Protein chains: 2
Amino acid sequence: MTTQQLVSEIRKKKSFLCIGLDVDLNKIPAHLLQEEDPIFAFNKAIIDATHHLCVAYKPNTAFYEAYGIKGWKSLEKTINYLNEKHPEIFTIADAKRGDIGNTSTMYAKAFFEDLAFDSVTVAPYMGKDSVEPFLAFEHKHTIMLALTSNQGAFDFQTKTVDGKELYKQVIETSKSWKNSQNLMYVVGATKAEYLADIRKIIPESFLLVPGVGAQGGSLEEVCKHGMTDTVGLLINSSRGIIYASNESDFTKAATAKAKELQQQMENVLK
Amino acid sequence: MTTQQLVSEIRKKKSFLCIGLDVDLNKIPAHLLQEEDPIFAFNKAIIDATHHLCVAYKPNTAFYEAYGIKGWKSLEKTINYLNEKHPEIFTIADAKRGDIGNTSTMYAKAFFEDLAFDSVTVAPYMGKDSVEPFLAFEHKHTIMLALTSNQGAFDFQTKTVDGKELYKQVIETSKSWKNSQNLMYVVGATKAEYLADIRKIIPESFLLVPGVGAQGGSLEEVCKHGMTDTVGLLINSSRGIIYASNESDFTKAATAKAKELQQQMENVLK
């Protein structure tokens, strides 16, 4: 999917909501555990109930790998379902990968070819040659960690490197990498006040913003400091939507929560 | 496995060799492609031919994920084979994972419980709460990227942060994390001259050292600057051993290459 197609979907749906599919078998409605593939059954139900309100889905690979081969099968079924039923929806493999060159190419193949996601998240610690292999894939997007939503972000990311915070160095440096037009960045909603500074470095790039809701970030603040002429934001909510209820009404509850966020976004887009 | 058990194996085998199982179907002997599971068939043959010469095996997860569910099955068969046949061998899931707290716990479960590896590699960018969940597992080891063997290491890792290179900040900071005794560190052999400085910060910790051989690092230099009283080193070779030949004699060639490194190590240990 091209960035232009993503922007056009955002305009059409009046939403820049991304829903995180982080499925924990201890948190889903008990009746689904009798299904042959409870994780996929849950995802399918959530997708069916929310696809008209969001423009992206983001399964975090950790939640699938924890269940081994069964989990990987659920992930495959989920991305296939999305690509077949809703090809207009942007898909993100939240995998936070990164390795030396030829190895990163294998990861890129795993997520862009074998699983056919539109994008994958990557970690920047290993530098240019660990990220460029992902950028080489046309119409695919690489979403690099810049400033994350957790407390540990203050351990290294905000430390000063050669007169500038590390996360700024990471963003700035990445602009010179080959095919950097395929980069997006992760910036946590819990650090919305940093967004104005980030926009000075990358005025146009899309940002994937986790941390609204359960983690305490504010949608309003994120939009105030981070929105661009072409929106430039994908705001993620996971637990707040998918676990809005763990009873038989869980799809209704998820729809209601997603609708709530979509309407806030519609107001901002006006 | 405890660190003491690892050290005792090193003494017994006179080897601190780790063999990287990075299986690329384009590089293995053609006759194996007729096997039902060529990746596992290759790994089994390599393990059978080299287990007496090394103390650790390190599959890099990228090479398995690239083949989807089939690849994940090959990885599972490989770790199960190692745990059944060679429980005294230290196993490393080279996965370079890291995410916010509850998500890192899922990754830890994937590699320590579902796949029963002794250790996993992690990336430090997201800080303390992204790594501590791994450290909570008893008798399991978390091998954190410090200074990697690739060119991109110079993009951020060697940059100066508050008066000290980032990789040093990462190592130093991690010492204060809960259960930090379960930490080991990745330091590339291509940067052996940095090892003396690193040993000032962590005089005892085990280091996983990739980059000897194909990437150009020197075993001698690494030992000179990095070895401790309890050895403290696992030196990895992947391609140099497993692809020593891609003909029917590939196991013999792998044995010969592993033996060569083991004998260099035996000389150093004297």
# chains A, B, ... in the order shown; residues from 1 in each chain; ligands from 1
$ closest_atom_pairs --of "chain A" --to "chain B" --cutoff "7 Å" --atoms "only C-alpha atoms" --output "Markdown table"
| residue | atom | partner | partner_atom | distance |
| --- | --- | --- | --- | --- |
| A:Ala62 | CA | B:Tyr107 | CA | 5.1 |
| A:Phe63 | CA | B:Met106 | CA | 5.9 |
| A:Glu65 | CA | B:Ala110 | CA | 5.5 |
| A:Ala66 | CA | B:Ala110 | CA | 3.9 |
| A:Tyr67 | CA | B:Ala110 | CA | 6.7 |
| A:Gly68 | CA | B:Asp114 | CA | 6.2 |
| A:Ile69 | CA | B:Trp72 | CA | 6.4 |
| A:Trp72 | CA | B:Ile69 | CA | 6.4 |
| A:Lys73 | CA | B:Ile69 | CA | 6.6 |
| A:Lys96 | CA | B:Arg97 | CA | 6.9 |
| A:Arg97 | CA | B:Arg97 | CA | 6.8 |
| A:Ile100 | CA | B:Asn150 | CA | 6.2 |
| A:Thr103 | CA | B:Ala62 | CA | 6.2 |
| A:Met106 | CA | B:Ala66 | CA | 5.4 |
| A:Tyr107 | CA | B:Ala62 | CA | 5.1 |
| A:Lys109 | CA | B:Ala66 | CA | 5.6 |
| A:Ala110 | CA | B:Ala66 | CA | 3.9 |
| A:Asp114 | CA | B:Gly68 | CA | 6.2 |
| A:Tyr125 | CA | B:Tyr125 | CA | 6.2 |
| A:Met126 | CA | B:Ala153 | CA | 5.3 |
| A:Gly127 | CA | B:Gly152 | CA | 4.1 |
| A:Lys128 | CA | B:Gly152 | CA | 5.1 |
| A:Asp129 | CA | B:Gly152 | CA | 5.5 |
| A:Ser130 | CA | B:Gly152 | CA | 6.9 |
| A:Thr148 | CA | B:Met126 | CA | 6.8 |
| A:Asn150 | CA | B:Ile100 | CA | 6.2 |
| A:Gly152 | CA | B:Gly127 | CA | 4.1 |
| A:Ala153 | CA | B:Met126 | CA | 5.3 |
| A:Asp155 | CA | B:Gly127 | CA | 5.3 |
| A:Phe156 | CA | B:Gly127 | CA | 6.6 |
| A:Gln157 | CA | B:Tyr125 | CA | 6.9 |
| A:Lys159 | CA | B:Val161 | CA | 6.5 |
| A:Thr160 | CA | B:Val161 | CA | 5.5 |
| A:Val161 | CA | B:Val161 | CA | 4.5 |
| A:Asp162 | CA | B:Thr160 | CA | 6.2 |
$ residues_around --residues "His52 in chain A" --least-positions-apart "4" --cutoff "9 Å" --atoms "only C-alpha atoms" --output "PyMOL selection string"
chain A and resi 13+47-48
$ atom_distance --atom1 "CA of Ala189 in chain B" --atom2 "CA of Met227 in chain B"
12.5 Å
$ residues_around --residues "range 201-216 of chain B" --least-positions-apart "5" --cutoff "8 Å" --atoms "only C-alpha atoms" --output "list in words"
Ile143, Ser149, Lys168, Ile171, Glu172, Leu183, Met184, Tyr185, Val186, Val187, Gly188, Ala189, Thr190, Thr228, Thr230, Val231, Gly232, Leu233, Leu234, Ile235, Asn236, Ser237, Arg239 and Gly240 of chain B
$ select_by_dssp --residues "range 76-248 of chain B" --states "strand (DSSP E or B)" --output "PyMOL selection string"
chain B and resi 90-97+119-122+141-147+160-161+164-165+183-187+207-209+212+217+228+231+233-237
$ write_last_selection --atoms "C-alpha atoms" --output "PDB file, in the first residue's frame"
ATOM      1  CA  PHE B  90      24.002 -24.085  25.829  1.00  0.00           C
ATOM      2  CA  THR B  91      21.304 -22.915  23.426  1.00  0.00           C
ATOM      3  CA  ILE B  92      20.825 -19.338  22.229  1.00  0.00           C
ATOM      4  CA  ALA B  93      17.771 -18.017  20.411  1.00  0.00           C
ATOM      5  CA  ASP B  94      19.304 -15.159  18.459  1.00  0.00           C
ATOM      6  CA  ALA B  95      16.108 -13.146  18.251  1.00  0.00           C
ATOM      7  CA  LYS B  96      17.122  -9.601  19.275  1.00  0.00           C
ATOM      8  CA  ARG B  97      13.721  -8.986  20.833  1.00  0.00           C
ATOM      9  CA  SER B 119      19.080 -17.902  26.462  1.00  0.00           C
ATOM     10  CA  VAL B 120      17.796 -15.236  24.109  1.00  0.00           C
ATOM     11  CA  THR B 121      19.375 -12.129  22.608  1.00  0.00           C
ATOM     12  CA  VAL B 122      17.627  -8.781  23.245  1.00  0.00           C
ATOM     13  CA  HIS B 141      20.218 -15.989  30.323  1.00  0.00           C
ATOM     14  CA  THR B 142      19.515 -12.751  28.511  1.00  0.00           C
ATOM     15  CA  ILE B 143      22.178 -11.683  26.053  1.00  0.00           C
ATOM     16  CA  MET B 144      21.886  -7.966  25.387  1.00  0.00           C
ATOM     17  CA  LEU B 145      23.286  -6.211  22.329  1.00  0.00           C
ATOM     18  CA  ALA B 146      26.088  -3.906  23.440  1.00  0.00           C
ATOM     19  CA  LEU B 147      28.532  -3.378  20.566  1.00  0.00           C
ATOM     20  CA  THR B 160      29.121   9.748  23.021  1.00  0.00           C
ATOM     21  CA  VAL B 161      26.254   9.991  25.517  1.00  0.00           C
ATOM     22  CA  LYS B 164      30.604   8.034  27.502  1.00  0.00           C
ATOM     23  CA  GLU B 165      29.914   5.906  24.417  1.00  0.00           C
ATOM     24  CA  LEU B 183      22.794 -10.813  31.721  1.00  0.00           C
ATOM     25  CA  MET B 184      25.386 -11.590  29.090  1.00  0.00           C
ATOM     26  CA  TYR B 185      26.366  -9.164  26.301  1.00  0.00           C
ATOM     27  CA  VAL B 186      26.935  -9.236  22.549  1.00  0.00           C
ATOM     28  CA  VAL B 187      30.261  -7.697  21.528  1.00  0.00           C
ATOM     29  CA  LEU B 207      30.224 -12.152  26.206  1.00  0.00           C
ATOM     30  CA  LEU B 208      28.759 -13.629  23.043  1.00  0.00           C
ATOM     31  CA  VAL B 209      31.178 -12.665  20.283  1.00  0.00           C
ATOM     32  CA  VAL B 212      35.027 -14.215  13.787  1.00  0.00           C
ATOM     33  CA  GLY B 217      37.238 -10.684  13.462  1.00  0.00           C
ATOM     34  CA  THR B 228      38.437 -13.845  32.121  1.00  0.00           C
ATOM     35  CA  VAL B 231      36.737 -17.805  30.261  1.00  0.00           C
ATOM     36  CA  LEU B 233      33.583 -15.815  26.137  1.00  0.00           C
ATOM     37  CA  LEU B 234      31.408 -17.634  23.659  1.00  0.00           C
ATOM     38  CA  ILE B 235      32.807 -17.107  20.187  1.00  0.00           C
ATOM     39  CA  ASN B 236      30.346 -17.639  17.402  1.00  0.00           C
ATOM     40  CA  SER B 237      30.964 -18.793  13.877  1.00  0.00           C
TER      41      SER B 237
END
$ closest_residue --among "B:Asn246, B:Thr251, B:Gln4, B:Asn267" --to "Lys27 in chain B" --atoms "only C-alpha atoms"
B:Asn246
$ select_by_dssp --residues "range 24-260 of chain B" --states "helix (DSSP H, G or I)" --output "ChimeraX atom specification"
/B:30-34,38-50,62-65,68-85,101-114,128-135,153-156,166-174,180-182,189-201,219-226,239-242,250-260
$ atom_distance --atom1 "CA of Lys44 in chain A" --atom2 "CA of Ile242 in chain A"
11.5 Å
$ closest_residue --among "A:Ile10, A:Leu21, A:Val222, A:Val55" --to "Phe40 in chain A" --atoms "only C-alpha atoms"
A:Leu21
$ atom_distance --atom1 "CA of Pro133 in chain A" --atom2 "CA of Ile19 in chain B"
24.5 Å
